[in-house]
Structures are given as C-alpha cells and as structure tokens.
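Chemist: Here you go, this is input12.cif (mmCIF, C-alpha atoms and all ligand atoms).
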```cif
data_entry
loop_
_atom_site.label_atom_id
_atom_site.label_comp_id
_atom_site.auth_asym_id
_atom_site.auth_seq_id
_atom_site.Cartn_x
_atom_site.Cartn_y
_atom_site.Cartn_z
CA MET A 97 70.90 55.22 95.18
CA ASN A 98 74.62 54.88 94.57
CA LEU A 99 77.02 55.22 97.50
CA LYS A 100 79.84 53.20 95.94
CA GLY A 101 83.28 54.48 96.84
CA ARG A 102 82.00 56.84 99.57
CA ASP A 103 83.76 57.21 102.93
CA PHE A 104 81.64 56.95 106.07
CA LEU A 105 83.10 59.46 108.53
CA THR A 106 80.51 61.54 110.42
CA LEU A 107 77.06 61.16 108.76
CA LYS A 108 77.10 64.94 108.26
CA ASP A 109 77.93 64.46 104.60
CA PHE A 110 75.04 62.04 103.96
CA THR A 111 71.55 63.19 103.00
CA PRO A 112 68.50 61.98 104.95
CA GLU A 113 67.59 59.81 101.94
CA GLU A 114 71.04 58.21 101.91
CA ILE A 115 70.91 57.50 105.65
CA LEU A 116 67.45 55.94 105.39
CA TYR A 117 68.57 53.92 102.38
CA MET A 118 71.34 52.32 104.49
CA VAL A 119 68.91 51.66 107.36
CA ASP A 120 66.43 49.98 105.00
CA LEU A 121 69.24 48.00 103.37
CA ALA A 122 70.25 46.81 106.85
CA ALA A 123 66.69 45.66 107.55
CA GLU A 124 66.75 43.68 104.29
CA LEU A 125 70.10 42.11 105.10
CA LYS A 126 68.86 41.27 108.60
CA ASP A 127 65.81 39.56 107.15
CA LYS A 128 67.99 37.54 104.78
CA LYS A 129 70.27 36.47 107.64
CA LYS A 130 67.28 35.39 109.77
CA LYS A 131 65.93 33.35 106.85
CA GLY A 132 69.31 31.71 106.28
CA ILE A 133 69.68 33.25 102.80
CA SER A 134 73.37 33.46 101.95
CA THR A 135 74.94 36.79 100.99
CA LYS A 136 78.40 35.28 100.50
CA ASP A 137 78.51 36.14 96.81
CA MET A 138 77.85 39.86 97.35
CA HIS A 139 81.51 40.76 97.89
CA ALA A 140 83.23 37.40 97.52
CA GLY A 141 87.00 37.58 97.24
CA LYS A 142 87.35 41.09 98.69
CA ASN A 143 89.22 42.00 101.88
CA VAL A 144 88.83 44.69 104.52
CA ALA A 145 91.32 46.05 107.07
CA LEU A 146 90.05 46.71 110.59
CA ILE A 147 92.21 49.15 112.56
CA PHE A 148 91.45 49.44 116.27
CA GLU A 149 93.52 51.85 118.34
CA LYS A 150 90.91 51.54 121.12
CA THR A 151 89.26 48.36 122.42
CA SER A 152 85.94 47.04 121.09
CA THR A 153 83.49 44.17 121.36
CA ARG A 154 80.49 45.14 119.20
CA THR A 155 82.13 47.16 116.45
CA ARG A 156 84.94 44.73 115.82
CA CYS A 157 82.68 41.67 115.88
CA SER A 158 80.14 43.43 113.67
CA PHE A 159 82.72 44.26 111.01
CA GLU A 160 84.19 40.75 111.12
CA VAL A 161 80.89 38.83 111.04
CA ALA A 162 79.37 41.17 108.44
CA ALA A 163 82.45 40.91 106.21
CA HIS A 164 82.47 37.12 106.45
CA ASP A 165 78.72 36.99 105.71
CA LEU A 166 79.49 38.98 102.54
CA GLY A 167 82.24 36.59 101.48
CA MET A 168 85.10 38.88 102.46
CA GLY A 169 88.31 38.32 104.35
CA THR A 170 89.29 40.54 107.32
CA THR A 171 92.59 41.61 108.85
CA TYR A 172 92.48 43.02 112.38
CA LEU A 173 95.22 45.51 113.27
CA ASN A 174 95.68 46.50 116.90
CA PRO A 175 97.85 49.37 118.10
CA LYS A 176 100.56 47.04 119.38
CA ASP A 177 101.16 44.98 116.26
CA SER A 178 101.12 47.57 113.48
CA GLN A 179 103.39 50.48 112.58
CA ILE A 180 100.52 52.98 112.40
CA GLY A 181 101.32 56.38 113.84
CA LYS A 182 104.53 55.33 115.56
CA LYS A 183 106.80 54.28 112.70
CA GLU A 184 104.54 55.07 109.76
CA SER A 185 102.37 58.10 109.08
CA ILE A 186 98.62 57.85 108.53
CA ALA A 187 99.07 59.04 104.95
CA ASP A 188 101.59 56.28 104.17
CA THR A 189 99.46 53.67 105.95
CA ALA A 190 96.44 54.70 103.89
CA ARG A 191 98.35 54.26 100.63
CA VAL A 192 99.74 50.87 101.65
CA LEU A 193 96.45 49.46 102.93
CA SER A 194 94.39 50.72 100.02
CA SER A 195 96.66 48.84 97.64
CA MET A 196 95.72 45.55 99.33
CA PHE A 197 92.22 46.00 100.75
CA GLU A 198 88.86 47.05 99.31
CA GLY A 199 87.85 48.96 102.47
CA ILE A 200 89.36 50.22 105.73
CA GLU A 201 87.69 50.58 109.13
CA TYR A 202 89.36 52.86 111.69
CA ARG A 203 88.63 53.26 115.43
CA GLY A 204 90.80 55.64 117.38
CA TYR A 205 91.28 59.05 118.92
CA GLY A 206 90.98 62.35 117.03
CA GLN A 207 88.57 62.65 114.09
CA GLU A 208 91.39 64.27 112.11
CA ILE A 209 93.16 60.88 111.99
CA VAL A 210 90.31 59.06 110.25
CA GLU A 211 89.85 62.07 107.94
CA GLU A 212 93.54 61.92 107.03
CA LEU A 213 93.27 58.19 106.39
CA ALA A 214 90.31 58.81 104.09
CA LYS A 215 92.11 61.62 102.29
CA TYR A 216 94.99 59.36 101.27
CA SER A 217 93.05 56.11 100.82
CA LYS A 218 91.88 54.97 97.39
CA VAL A 219 89.21 52.77 98.99
CA PRO A 220 86.28 53.62 101.33
CA VAL A 221 87.19 54.42 104.95
CA TRP A 222 84.61 53.74 107.69
CA ASN A 223 84.78 55.49 111.06
CA GLY A 224 84.37 52.84 113.77
CA LEU A 225 84.44 55.54 116.53
CA THR A 226 86.58 58.57 117.25
CA ASN A 227 86.50 60.93 120.23
CA GLU A 228 84.12 63.15 118.27
CA TYR A 229 81.82 60.80 116.33
CA HIS A 230 80.37 57.26 116.24
CA PRO A 231 78.45 57.15 112.95
CA THR A 232 78.02 53.38 112.50
CA GLN A 233 76.30 53.28 115.89
CA MET A 234 73.75 55.79 114.56
CA LEU A 235 72.47 53.48 111.84
CA ALA A 236 71.95 50.70 114.40
CA ASP A 237 70.12 53.12 116.68
CA VAL A 238 67.83 54.38 113.93
CA LEU A 239 67.05 50.82 112.80
CA THR A 240 66.25 49.88 116.41
CA ILE A 241 64.00 52.93 116.88
CA LYS A 242 62.19 52.11 113.64
CA GLU A 243 61.68 48.50 114.70
CA LYS A 244 60.49 49.36 118.21
CA LEU A 245 58.46 52.54 117.64
CA GLY A 246 57.46 52.03 114.00
CA ARG A 247 58.57 55.54 113.00
CA ILE A 248 61.59 57.85 112.91
CA GLN A 249 60.36 61.34 111.91
CA GLY A 250 59.07 63.23 114.94
CA VAL A 251 60.51 60.80 117.53
CA ARG A 252 61.58 62.59 120.72
CA LEU A 253 65.01 61.41 121.86
CA THR A 254 66.57 62.60 125.10
CA TYR A 255 70.26 62.01 125.66
CA MET A 256 71.50 62.17 129.26
CA GLY A 257 75.12 62.28 130.42
CA ASP A 258 78.23 63.41 128.57
CA ALA A 259 76.66 65.04 125.51
CA ARG A 260 79.86 66.71 124.25
CA TYR A 261 81.54 63.46 123.18
CA ASN A 262 81.09 60.99 120.30
CA MET A 263 77.64 59.68 121.23
CA GLY A 264 76.02 63.02 122.07
CA ASN A 265 77.44 64.62 118.93
CA SER A 266 76.42 61.81 116.60
CA LEU A 267 72.92 61.45 118.02
CA MET A 268 72.36 65.18 117.61
CA ILE A 269 73.49 64.94 113.97
CA VAL A 270 71.33 61.94 113.07
CA CYS A 271 68.27 63.43 114.81
CA ALA A 272 68.75 66.69 112.90
CA LYS A 273 69.12 64.82 109.61
CA LEU A 274 66.06 62.63 110.12
CA GLY A 275 63.61 65.13 111.59
CA MET A 276 63.74 63.84 115.16
CA HIS A 277 63.55 65.99 118.30
CA PHE A 278 66.91 65.85 120.09
CA THR A 279 67.29 66.96 123.69
CA ALA A 280 70.58 66.96 125.55
CA CYS A 281 69.56 66.79 129.20
CA THR A 282 72.70 67.27 131.24
CA ALA A 283 74.89 69.71 133.15
CA LYS A 284 75.79 72.80 131.09
CA GLU A 285 79.48 71.94 130.82
CA TYR A 286 78.51 68.66 129.11
CA PHE A 287 76.37 70.24 126.37
CA PRO A 288 77.61 69.59 122.80
CA ASN A 289 79.90 72.32 121.46
CA GLU A 290 78.26 75.46 120.12
CA ALA A 291 79.55 75.20 116.56
CA LEU A 292 78.10 71.70 116.13
CA VAL A 293 74.81 72.73 117.76
CA LYS A 294 74.56 75.59 115.28
CA GLU A 295 75.35 73.31 112.34
CA CYS A 296 72.71 70.83 113.48
CA GLN A 297 70.15 73.61 114.01
CA GLU A 298 70.65 74.64 110.40
CA ILE A 299 70.04 71.06 109.25
CA ALA A 300 67.07 70.78 111.62
CA ALA A 301 65.45 73.87 110.09
CA GLN A 302 65.07 71.90 106.86
CA THR A 303 63.90 68.58 108.27
CA GLY A 304 61.47 69.55 111.04
CA ALA A 305 63.89 68.39 113.75
CA THR A 306 64.49 70.42 116.91
CA ILE A 307 67.56 70.68 119.14
CA THR A 308 67.06 71.42 122.83
CA LEU A 309 69.72 71.76 125.52
CA THR A 310 68.51 71.68 129.11
CA GLU A 311 69.75 71.09 132.63
CA ASP A 312 66.20 70.36 133.85
CA VAL A 313 65.62 66.60 134.18
CA LYS A 314 61.83 66.84 134.56
CA ALA A 315 61.38 69.06 131.52
CA GLY A 316 64.08 67.34 129.45
CA THR A 317 62.67 63.84 129.82
CA ALA A 318 58.91 64.56 129.92
CA GLY A 319 57.12 62.62 127.21
CA ALA A 320 60.32 61.40 125.53
CA ASP A 321 60.04 58.38 123.23
CA VAL A 322 63.68 57.39 123.69
CA ILE A 323 65.87 57.88 126.76
CA TYR A 324 69.50 57.37 125.76
CA THR A 325 72.70 57.37 127.77
CA ASP A 326 76.35 56.33 127.51
CA VAL A 327 79.30 55.89 129.87
CA TRP A 328 80.37 59.06 131.71
CA VAL A 329 84.07 58.50 131.11
CA SER A 330 84.93 57.43 127.58
CA MET A 331 87.80 55.36 126.22
CA GLY A 332 91.03 57.30 126.23
CA GLU A 333 89.94 59.73 128.97
CA PRO A 334 91.92 59.76 132.22
CA GLU A 335 90.68 57.83 135.26
CA GLU A 336 90.78 61.07 137.25
CA ALA A 337 87.81 62.27 135.20
CA TRP A 338 85.50 60.00 137.21
CA GLU A 339 85.31 62.31 140.20
CA GLU A 340 84.13 65.40 138.33
CA ARG A 341 81.82 63.33 136.10
CA ILE A 342 80.05 61.72 139.02
CA LYS A 343 79.66 65.07 140.73
CA ALA A 344 78.23 66.72 137.62
CA LEU A 345 76.29 63.86 136.04
CA LEU A 346 74.74 61.90 138.92
CA PRO A 347 71.56 64.02 138.70
CA TYR A 348 71.33 62.79 135.08
CA GLN A 349 71.50 59.07 135.84
CA VAL A 350 68.77 57.15 133.99
CA ASN A 351 66.58 55.64 136.70
CA LYS A 352 62.95 54.60 137.13
CA ALA A 353 61.82 58.16 137.90
CA VAL A 354 63.25 59.28 134.53
CA MET A 355 61.57 56.43 132.65
CA ASP A 356 58.26 57.09 134.43
CA ASN A 357 58.44 60.74 133.42
CA ALA A 358 59.09 59.80 129.77
CA GLY A 359 56.33 58.83 127.32
CA PRO A 360 54.17 55.77 128.12
CA GLU A 361 55.87 53.69 125.43
CA ALA A 362 59.38 55.06 125.93
CA ILE A 363 62.34 52.81 125.28
CA PHE A 364 65.75 52.89 126.95
CA MET A 365 68.85 52.82 124.71
CA HIS A 366 72.60 52.66 125.36
CA CYS A 367 75.40 52.03 122.87
CA LEU A 368 77.08 49.74 125.45
CA PRO A 369 79.22 48.78 127.28
CA ALA A 370 77.28 50.03 130.37
CA TYR A 371 78.09 50.32 134.06
CA HIS A 372 74.83 49.17 135.63
CA ASP A 373 76.04 46.62 138.20
CA GLN A 374 79.07 45.29 140.04
CA ASN A 375 80.05 42.73 137.40
CA THR A 376 82.80 44.78 135.77
CA GLU A 377 86.20 45.87 137.03
CA VAL A 378 85.42 49.54 136.45
CA GLY A 379 82.02 49.16 138.13
CA ARG A 380 83.71 47.76 141.23
CA GLU A 381 86.39 50.50 141.23
CA VAL A 382 83.71 53.20 141.04
CA LYS A 383 81.91 51.59 143.98
CA ALA A 384 85.11 51.35 146.04
CA LYS A 385 86.08 54.97 145.37
CA PHE A 386 82.74 56.75 145.22
CA GLY A 387 80.24 54.35 146.82
CA LEU A 388 78.16 54.20 143.62
CA GLU A 389 76.72 50.74 142.76
CA GLU A 390 75.34 51.67 139.36
CA VAL A 391 76.52 54.56 137.28
CA GLU A 392 74.90 56.09 134.17
CA VAL A 393 71.86 53.79 134.33
CA THR A 394 70.32 51.81 137.18
CA HIS A 395 70.29 48.04 136.95
CA GLU A 396 66.50 48.17 137.24
CA VAL A 397 66.13 50.24 134.05
CA PHE A 398 68.86 48.35 132.20
CA GLU A 399 67.07 45.04 132.80
CA SER A 400 63.53 46.40 132.38
CA ALA A 401 61.13 45.57 129.54
CA GLN A 402 61.69 49.13 128.23
CA SER A 403 65.39 48.43 127.64
CA VAL A 404 66.21 47.54 124.02
CA VAL A 405 70.00 47.57 124.40
CA PHE A 406 70.65 44.03 123.17
CA ASP A 407 68.52 44.42 120.05
CA GLU A 408 70.43 47.64 119.47
CA ALA A 409 73.72 45.77 119.84
CA GLU A 410 72.62 43.09 117.36
CA ASN A 411 71.67 45.80 114.89
CA ARG A 412 75.27 47.02 114.86
CA MET A 413 76.14 44.00 112.73
CA HIS A 414 73.27 44.34 110.25
CA THR A 415 73.87 48.08 109.79
CA ILE A 416 77.63 47.78 109.44
CA LYS A 417 76.96 45.13 106.81
CA ALA A 418 74.72 47.63 105.02
CA VAL A 419 77.46 50.29 105.10
CA MET A 420 79.89 47.86 103.47
CA VAL A 421 77.36 46.65 100.88
CA ALA A 422 76.44 50.24 100.01
CA THR A 423 79.95 51.69 99.75
CA LEU A 424 81.91 48.78 98.22
N1 LIG B 501 78.91 50.41 121.06
C1 LIG B 501 80.17 50.10 120.72
O1 LIG B 501 80.78 50.73 119.87
O2 LIG B 501 80.67 49.02 121.38
P1 LIG B 501 82.19 48.50 121.30
O3 LIG B 501 83.04 49.55 121.96
O4 LIG B 501 82.17 47.20 122.04
O5 LIG B 501 82.58 48.34 119.85
N1 LIG B 502 81.55 57.25 124.56
C1 LIG B 502 81.98 55.87 124.57
C2 LIG B 502 81.28 55.10 123.50
C3 LIG B 502 81.61 53.63 123.49
C4 LIG B 502 80.92 52.88 122.39
C5 LIG B 502 83.49 55.83 124.38
O1 LIG B 502 84.00 56.55 123.52
O2 LIG B 502 84.15 55.10 125.12
#
```
Show this structure as structure tokens.
Ligand code: CP
Ligand code: NVA
Modeler:
Amino acid sequence: MNLKGRDFLTLKDFTPEEILYMVDLAAELKDKKKKGISTKDMHAGKNVALIFEKTSTRTRCSFEVAAHDLGMGTTYLNPKDSQIGKKESIADTARVLSSMFEGIEYRGYGQEIVEELAKYSKVPVWNGLTNEYHPTQMLADVLTIKEKLGRIQGVRLTYMGDARYNMGNSLMIVCAKLGMHFTACTAKEYFPNEALVKECQEIAAQTGATITLTEDVKAGTAGADVIYTDVWVSMGEPEEAWEERIKALLPYQVNKAVMDNAGPEAIFMHCLPAYHDQNTEVGREVKAKFGLEEVEVTHEVFESAQSVVFDEAENRMHTIKAVMVATL
C-alpha cells in the first residue's frame, strides 16, 4: 500500500482498502506508543504547517503530538497572525508553505478552500475540518468502533442531529465505503444533501452498506450498534441558529430511551466538544435562553458505561499520526 504524496481531503477518493490500511496503521502506532517504542526516526527533520481558521482542542493537539512523536517540527498558524485569505491568496499561500514544509493541515470554512490549497501545494494537504467534511475524525471513529465492537463491516450506526453538516456527511461516506449501515435519524430539513446521499448510495451498492434517512426515532435507533451525535450549531454558524435547531432537533436528543432502544451492546459516540451539562459558557447560555440543561446528549448518557467518547478522542492522535506516516 503506497499513499505517499496523497492529499487527505474527504475520504471519498480513498478505497475501502486504503481507509482500513490507515486504521490498522493507527492501531500499530498506538500499540508502539503504549509500549514506549520510539517512532522519532520515522520522519525526523521534517516540518508540518498547521493552519486553523477555526478553534480546536483535539485536532490541533493530535497533529502536534503526532508530529513530535514522529520527529517532526510543527508551526501553528491562526487566522489572526497569518496573511492567509486577507492579504495573500490560498494559491500563493500553498506555494509558499509547500516550499518550507513537508505537509500542511488546514481547518476552516468552505471545502473549496482546502481543495484550492491542495491544488497549488506540492506537499500533502490534510483536511482538519471544513463545513462540509471532517475526514480525520472518521479514522478515529472507525478505529474506536473496531476496538469496542470487534468489527466494522455490517455495523449499524445511527447519527442523530444535524446530519447535513461535516459530521453527518463524513460518517455517511465512511459507512458507505466500509460496508456499514448508516442511518440519519433527524428532522427532514437536517438530512444530508441529496447529491451526496446519491453518491454514497452508489458506493454502498458495491460494499454492502445501506443508507437510511428517517424522522422516526424509534425505528431509526432500534437495534443500532452505534448511536452518534454532534453539536446542533457548528463552528462558524450564527448564534441565532440555536432557536430553530432546538425546535427541530430536541426530539433527536440522545437520551436513555434512545440508548435502551438501541442494540444491547450499543455504544455512544460524539466527536466532541459536547454540550451535556452546565460547565461550558455555551451550555449556560442555552439554559438561560431556552431552559435546556443538556443539549444534543443527556449528561446521563454522556457519562454512562456505553459512552466511548474519550477513547474516541484519544484515537484522534493515533489516526492522525497514521495519516501523516502514510502520506509523507
Ligand atoms: N472533534 C474535534 O475535531 O475536536 P476539536 O474541534 O477540538 O479539534
Ligand atoms: N460539527 C462540529 C464538529 C466539531 C468537531 C463543528 O463543525 O463545529
């Protein structure tokens, strides 16, 4: 398997074998890390640029720790301190950065920006989240599912909440690629867009996956192996969106009734950060304005034995490391 020089932008352009190769490589790298086996010589002396036009805890830390574990240097660029987009085009930025770095991570708004960066870059570009896709998160999620359930093919994953944004889109893609059964269980206006559904259905036809869109919570969650959700208002969306989201998505909150209706060994997943209590600013604002103590997931489910969210978060680092090892 040779993925050297490849960009990592949506997962759509990777075969099932290539995706599973990166997941297995991540498991190997995780095992090495746990055993204290150094990987510092794997990419010693190289450097990667990490561009973040939106905030991050997991993705940024994963890229930094993974790069350092591989012997690489990192440069973090935030929207305030670089010229990107304001005084310098993406195309020019790509040509400058790829003359100094061996790889470039980009987190930001429209997918077209990271695609443009990749088009003009001579070195691999990794998508660290756009409005439309979150592909590095997918590898962590698949690794976590494999660790917890012991299988990937045939797993029934139900995504609740805003399924037309980065997480819903990317989960639908990875499920289609890997022969998993994807259900978006949410209000109609939050279903993934038709063109992407169609594209994923075509992939699914070849892998044994299925794609289901339903507004029915009972039917959509019955017997699921994985119940997955994400915030209802994503980074970059206006605060005013909260009102309509709560109105439309409250019936799709992940609570005990949902978990009880899922399969007996179902796990709960969330890419994080999550609004499950009153210990965040946004959580408190939502309570003050709408009287809601917990948002997309109840505190009870978040803290339950079925919740694997922190293992999932740890796996971000091991899988991002695998992406860099594979493509550099
Ligand atoms: N899941 C995820 O991407 O988290 P961050 O926004 O903290 O990077
Ligand atoms: N949908 C969320 C994912 C965060 C990891 C967002 O874009 O803010």
Chemist: Please enclose the listed atoms of ligand LIG 501 (chain B) in an axis-aligned box, pad each side by 6 Å, and write out the centre and the three edge lengths in Å, rounded to one decimal, as lines of an AutoDock Vina configuration file.
Modeler:
```
center_x = 81.0
center_y = 49.0
center_z = 120.9
size_x = 16.1
size_y = 15.5
size_z = 14.2
```
Chemist: Can you pull out every residue within 7 Å of Thr306 (chain A), counting only C-alpha atoms, but drop anything in the same chain fewer than 2 positions away, and send it as a list in words?
Modeler: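 What passes the distance filter is Ala272, Met276, His277, Phe278, Ala300, Gly304 and Thr308 of chain A.
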Chemist: Find the residues near region 397-405 of chain A: any atom within 12 Å, counting only C-alpha atoms, skip ones fewer than 6 places away on the same chain, and give them as a PyMOL selection string.
Modeler: chain A and resi 154+236-237+239-241+243-245+321-326+349-356+358-373+390-391+411-412
Chemist: Using all atoms listed in the file, determine which residues fall within 10 Å of ligand LIG 502 (chain B), then list them as a PDB file with C-alpha atoms, keeping the file's coordinate frame.
Modeler:
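Okay, out.pdb is ready:
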```
ATOM      1  CA  LYS A 150      90.910  51.540 121.120  1.00  0.00           C
ATOM      2  CA  THR A 151      89.260  48.360 122.420  1.00  0.00           C
ATOM      3  CA  SER A 152      85.940  47.040 121.090  1.00  0.00           C
ATOM      4  CA  THR A 153      83.490  44.170 121.360  1.00  0.00           C
ATOM      5  CA  ARG A 154      80.490  45.140 119.200  1.00  0.00           C
ATOM      6  CA  THR A 155      82.130  47.160 116.450  1.00  0.00           C
ATOM      7  CA  ARG A 203      88.630  53.260 115.430  1.00  0.00           C
ATOM      8  CA  GLY A 204      90.800  55.640 117.380  1.00  0.00           C
ATOM      9  CA  TYR A 205      91.280  59.050 118.920  1.00  0.00           C
ATOM     10  CA  GLY A 224      84.370  52.840 113.770  1.00  0.00           C
ATOM     11  CA  LEU A 225      84.440  55.540 116.530  1.00  0.00           C
ATOM     12  CA  THR A 226      86.580  58.570 117.250  1.00  0.00           C
ATOM     13  CA  ASN A 227      86.500  60.930 120.230  1.00  0.00           C
ATOM     14  CA  GLU A 228      84.120  63.150 118.270  1.00  0.00           C
ATOM     15  CA  TYR A 229      81.820  60.800 116.330  1.00  0.00           C
ATOM     16  CA  HIS A 230      80.370  57.260 116.240  1.00  0.00           C
ATOM     17  CA  GLN A 233      76.300  53.280 115.890  1.00  0.00           C
ATOM     18  CA  ASP A 258      78.230  63.410 128.570  1.00  0.00           C
ATOM     19  CA  ALA A 259      76.660  65.040 125.510  1.00  0.00           C
ATOM     20  CA  ARG A 260      79.860  66.710 124.250  1.00  0.00           C
ATOM     21  CA  TYR A 261      81.540  63.460 123.180  1.00  0.00           C
ATOM     22  CA  ASN A 262      81.090  60.990 120.300  1.00  0.00           C
ATOM     23  CA  MET A 263      77.640  59.680 121.230  1.00  0.00           C
ATOM     24  CA  GLY A 264      76.020  63.020 122.070  1.00  0.00           C
ATOM     25  CA  THR A 325      72.700  57.370 127.770  1.00  0.00           C
ATOM     26  CA  ASP A 326      76.350  56.330 127.510  1.00  0.00           C
ATOM     27  CA  VAL A 327      79.300  55.890 129.870  1.00  0.00           C
ATOM     28  CA  TRP A 328      80.370  59.060 131.710  1.00  0.00           C
ATOM     29  CA  VAL A 329      84.070  58.500 131.110  1.00  0.00           C
ATOM     30  CA  SER A 330      84.930  57.430 127.580  1.00  0.00           C
ATOM     31  CA  MET A 331      87.800  55.360 126.220  1.00  0.00           C
ATOM     32  CA  GLY A 332      91.030  57.300 126.230  1.00  0.00           C
ATOM     33  CA  GLU A 333      89.940  59.730 128.970  1.00  0.00           C
ATOM     34  CA  HIS A 366      72.600  52.660 125.360  1.00  0.00           C
ATOM     35  CA  CYS A 367      75.400  52.030 122.870  1.00  0.00           C
ATOM     36  CA  LEU A 368      77.080  49.740 125.450  1.00  0.00           C
ATOM     37  CA  PRO A 369      79.220  48.780 127.280  1.00  0.00           C
ATOM     38  CA  ALA A 370      77.280  50.030 130.370  1.00  0.00           C
TER      39      ALA A 370
END
```
Chemist: A:Phe148, A:Tyr172, A:Tyr255, A:Tyr348: which is nearest ligand LIG 501 (chain B), counting all atoms listed in the file?
Modeler: A:Phe148
Chemist: Nearest to ligand LIG 501 (chain B) among A:Met234, A:Leu116, A:Leu345, A:Met196, with distances taken over all atoms listed in the file: which residue is it?
Modeler: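 Ranked by minimum distance to ligand LIG 501 (chain B), first place goes to A:Met234.
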Chemist: Which distance in Å separates CA of Thr135 (chain A) and CA of Leu274 (chain A), to one decimal?
Modeler: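 Value for the CA of Thr135 (chain A)-CA of Leu274 (chain A) distance: 28.8 Å.
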Chemist: Quick one: residues within 6 Å of region 309-312 of chain A, all atoms listed in the file counted, chain neighbours fewer than 6 positions away excluded, as a PyMOL selection string?
Modeler: chain A and resi 279-283
Chemist: Counting only C-alpha atoms, find residues at most 9 Å from (81.7, 41.5, 104.7) (file frame) and give them as a ChimeraX atom specification.
Modeler: /A:136,138-140,142-144,159-170,416-417,420-421
Chemist: Smallest atom-to-atom distance to Glu208 (chain A): which of A:Val293, A:Ile269, A:Glu149, A:Leu105, using all atoms listed in the file?
Modeler: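 The closest residue to Glu208 (chain A) is A:Leu105.
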Chemist: Pick out the closest residue to ligand LIG 501 (chain B) from this set: A:Phe386, A:Phe406, A:Tyr286, A:Phe110. Count only C-alpha atoms and all ligand atoms.
Modeler: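 Between A:Phe386, A:Phe406, A:Tyr286, A:Phe110, the residue approaching ligand LIG 501 (chain B) most closely is A:Phe406.
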Chemist: Can you list, as a PyMOL selection string, every protein, DNA or RNA residue that comes within 12 Å of Thr303 (chain A) when you count only C-alpha atoms, leaving out same-chain residues fewer than 5 positions away?
Modeler: chain A and resi 111-113+248-250+269-277+296-298
Chemist: Under the rule that all atoms listed in the file are counted, which of A:Pro175, A:Pro231, A:Pro220, A:Pro347 is the nearest residue to ligand LIG 501 (chain B)?
Modeler: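 Closest residue, counting all atoms listed in the file: A:Pro231.
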Chemist: Looking at A:Thr232, A:Thr254, A:Asn98, A:Thr106, which one is nearest to ligand LIG 501 (chain B), with distances taken over only C-alpha atoms and all ligand atoms?
Modeler: A:Thr232
Chemist: Could all heavy atoms be built for region 323-329 of chain A and written out as a PDB file, in the frame of the given file?
Modeler:
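What follows is the written file result18.pdb:
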```pdb
ATOM      1  N   ILE A 323      64.905  57.360 125.785  1.00  0.00           N
ATOM      2  CA  ILE A 323      65.870  57.880 126.760  1.00  0.00           C
ATOM      3  C   ILE A 323      67.178  57.152 126.470  1.00  0.00           C
ATOM      4  O   ILE A 323      67.221  55.919 126.438  1.00  0.00           O
ATOM      5  CB  ILE A 323      65.427  57.602 128.213  1.00  0.00           C
ATOM      6  CG1 ILE A 323      64.084  58.274 128.526  1.00  0.00           C
ATOM      7  CG2 ILE A 323      66.525  58.027 129.191  1.00  0.00           C
ATOM      8  CD1 ILE A 323      64.128  59.793 128.654  1.00  0.00           C
ATOM      9  N   TYR A 324      68.227  57.945 126.219  1.00  0.00           N
ATOM     10  CA  TYR A 324      69.500  57.370 125.760  1.00  0.00           C
ATOM     11  C   TYR A 324      70.616  57.832 126.684  1.00  0.00           C
ATOM     12  O   TYR A 324      70.664  59.003 127.070  1.00  0.00           O
ATOM     13  CB  TYR A 324      69.783  57.868 124.333  1.00  0.00           C
ATOM     14  CG  TYR A 324      70.712  57.001 123.512  1.00  0.00           C
ATOM     15  CD1 TYR A 324      70.305  56.468 122.298  1.00  0.00           C
ATOM     16  CD2 TYR A 324      72.005  56.707 123.951  1.00  0.00           C
ATOM     17  CE1 TYR A 324      71.160  55.662 121.537  1.00  0.00           C
ATOM     18  CE2 TYR A 324      72.853  55.904 123.202  1.00  0.00           C
ATOM     19  CZ  TYR A 324      72.431  55.381 121.999  1.00  0.00           C
ATOM     20  OH  TYR A 324      73.278  54.592 121.258  1.00  0.00           O
ATOM     21  N   THR A 325      71.508  56.926 127.059  1.00  0.00           N
ATOM     22  CA  THR A 325      72.700  57.370 127.770  1.00  0.00           C
ATOM     23  C   THR A 325      73.919  56.556 127.333  1.00  0.00           C
ATOM     24  O   THR A 325      73.806  55.617 126.540  1.00  0.00           O
ATOM     25  CB  THR A 325      72.516  57.322 129.305  1.00  0.00           C
ATOM     26  OG1 THR A 325      73.603  58.026 129.931  1.00  0.00           O
ATOM     27  CG2 THR A 325      72.491  55.897 129.844  1.00  0.00           C
ATOM     28  N   ASP A 326      75.064  56.942 127.843  1.00  0.00           N
ATOM     29  CA  ASP A 326      76.350  56.330 127.510  1.00  0.00           C
ATOM     30  C   ASP A 326      77.235  56.455 128.744  1.00  0.00           C
ATOM     31  O   ASP A 326      76.883  57.189 129.681  1.00  0.00           O
ATOM     32  CB  ASP A 326      76.946  57.093 126.304  1.00  0.00           C
ATOM     33  CG  ASP A 326      78.338  56.604 125.895  1.00  0.00           C
ATOM     34  OD1 ASP A 326      78.680  55.442 126.191  1.00  0.00           O
ATOM     35  OD2 ASP A 326      79.081  57.391 125.260  1.00  0.00           O
ATOM     36  N   VAL A 327      78.373  55.791 128.735  1.00  0.00           N
ATOM     37  CA  VAL A 327      79.300  55.890 129.870  1.00  0.00           C
ATOM     38  C   VAL A 327      79.668  57.360 130.119  1.00  0.00           C
ATOM     39  O   VAL A 327      79.668  58.171 129.197  1.00  0.00           O
ATOM     40  CB  VAL A 327      80.600  55.085 129.625  1.00  0.00           C
ATOM     41  CG1 VAL A 327      80.304  53.597 129.609  1.00  0.00           C
ATOM     42  CG2 VAL A 327      81.304  55.522 128.353  1.00  0.00           C
ATOM     43  N   TRP A 328      80.011  57.673 131.368  1.00  0.00           N
ATOM     44  CA  TRP A 328      80.370  59.060 131.710  1.00  0.00           C
ATOM     45  C   TRP A 328      81.839  59.355 131.461  1.00  0.00           C
ATOM     46  O   TRP A 328      82.233  60.516 131.348  1.00  0.00           O
ATOM     47  CB  TRP A 328      80.012  59.330 133.185  1.00  0.00           C
ATOM     48  CG  TRP A 328      78.533  59.368 133.435  1.00  0.00           C
ATOM     49  CD1 TRP A 328      77.541  59.465 132.486  1.00  0.00           C
ATOM     50  CD2 TRP A 328      77.878  59.319 134.695  1.00  0.00           C
ATOM     51  NE1 TRP A 328      76.312  59.477 133.096  1.00  0.00           N
ATOM     52  CE2 TRP A 328      76.488  59.392 134.455  1.00  0.00           C
ATOM     53  CE3 TRP A 328      78.328  59.218 136.027  1.00  0.00           C
ATOM     54  CZ2 TRP A 328      75.542  59.373 135.475  1.00  0.00           C
ATOM     55  CZ3 TRP A 328      77.389  59.206 137.039  1.00  0.00           C
ATOM     56  CH2 TRP A 328      76.015  59.283 136.765  1.00  0.00           C
ATOM     57  N   VAL A 329      82.651  58.316 131.437  1.00  0.00           N
ATOM     58  CA  VAL A 329      84.070  58.500 131.110  1.00  0.00           C
ATOM     59  C   VAL A 329      84.366  57.588 129.926  1.00  0.00           C
ATOM     60  O   VAL A 329      84.218  56.375 130.013  1.00  0.00           O
ATOM     61  CB  VAL A 329      84.982  58.152 132.314  1.00  0.00           C
ATOM     62  CG1 VAL A 329      86.450  58.259 131.926  1.00  0.00           C
ATOM     63  CG2 VAL A 329      84.684  59.067 133.502  1.00  0.00           C
TER      64      VAL A 329
END
```
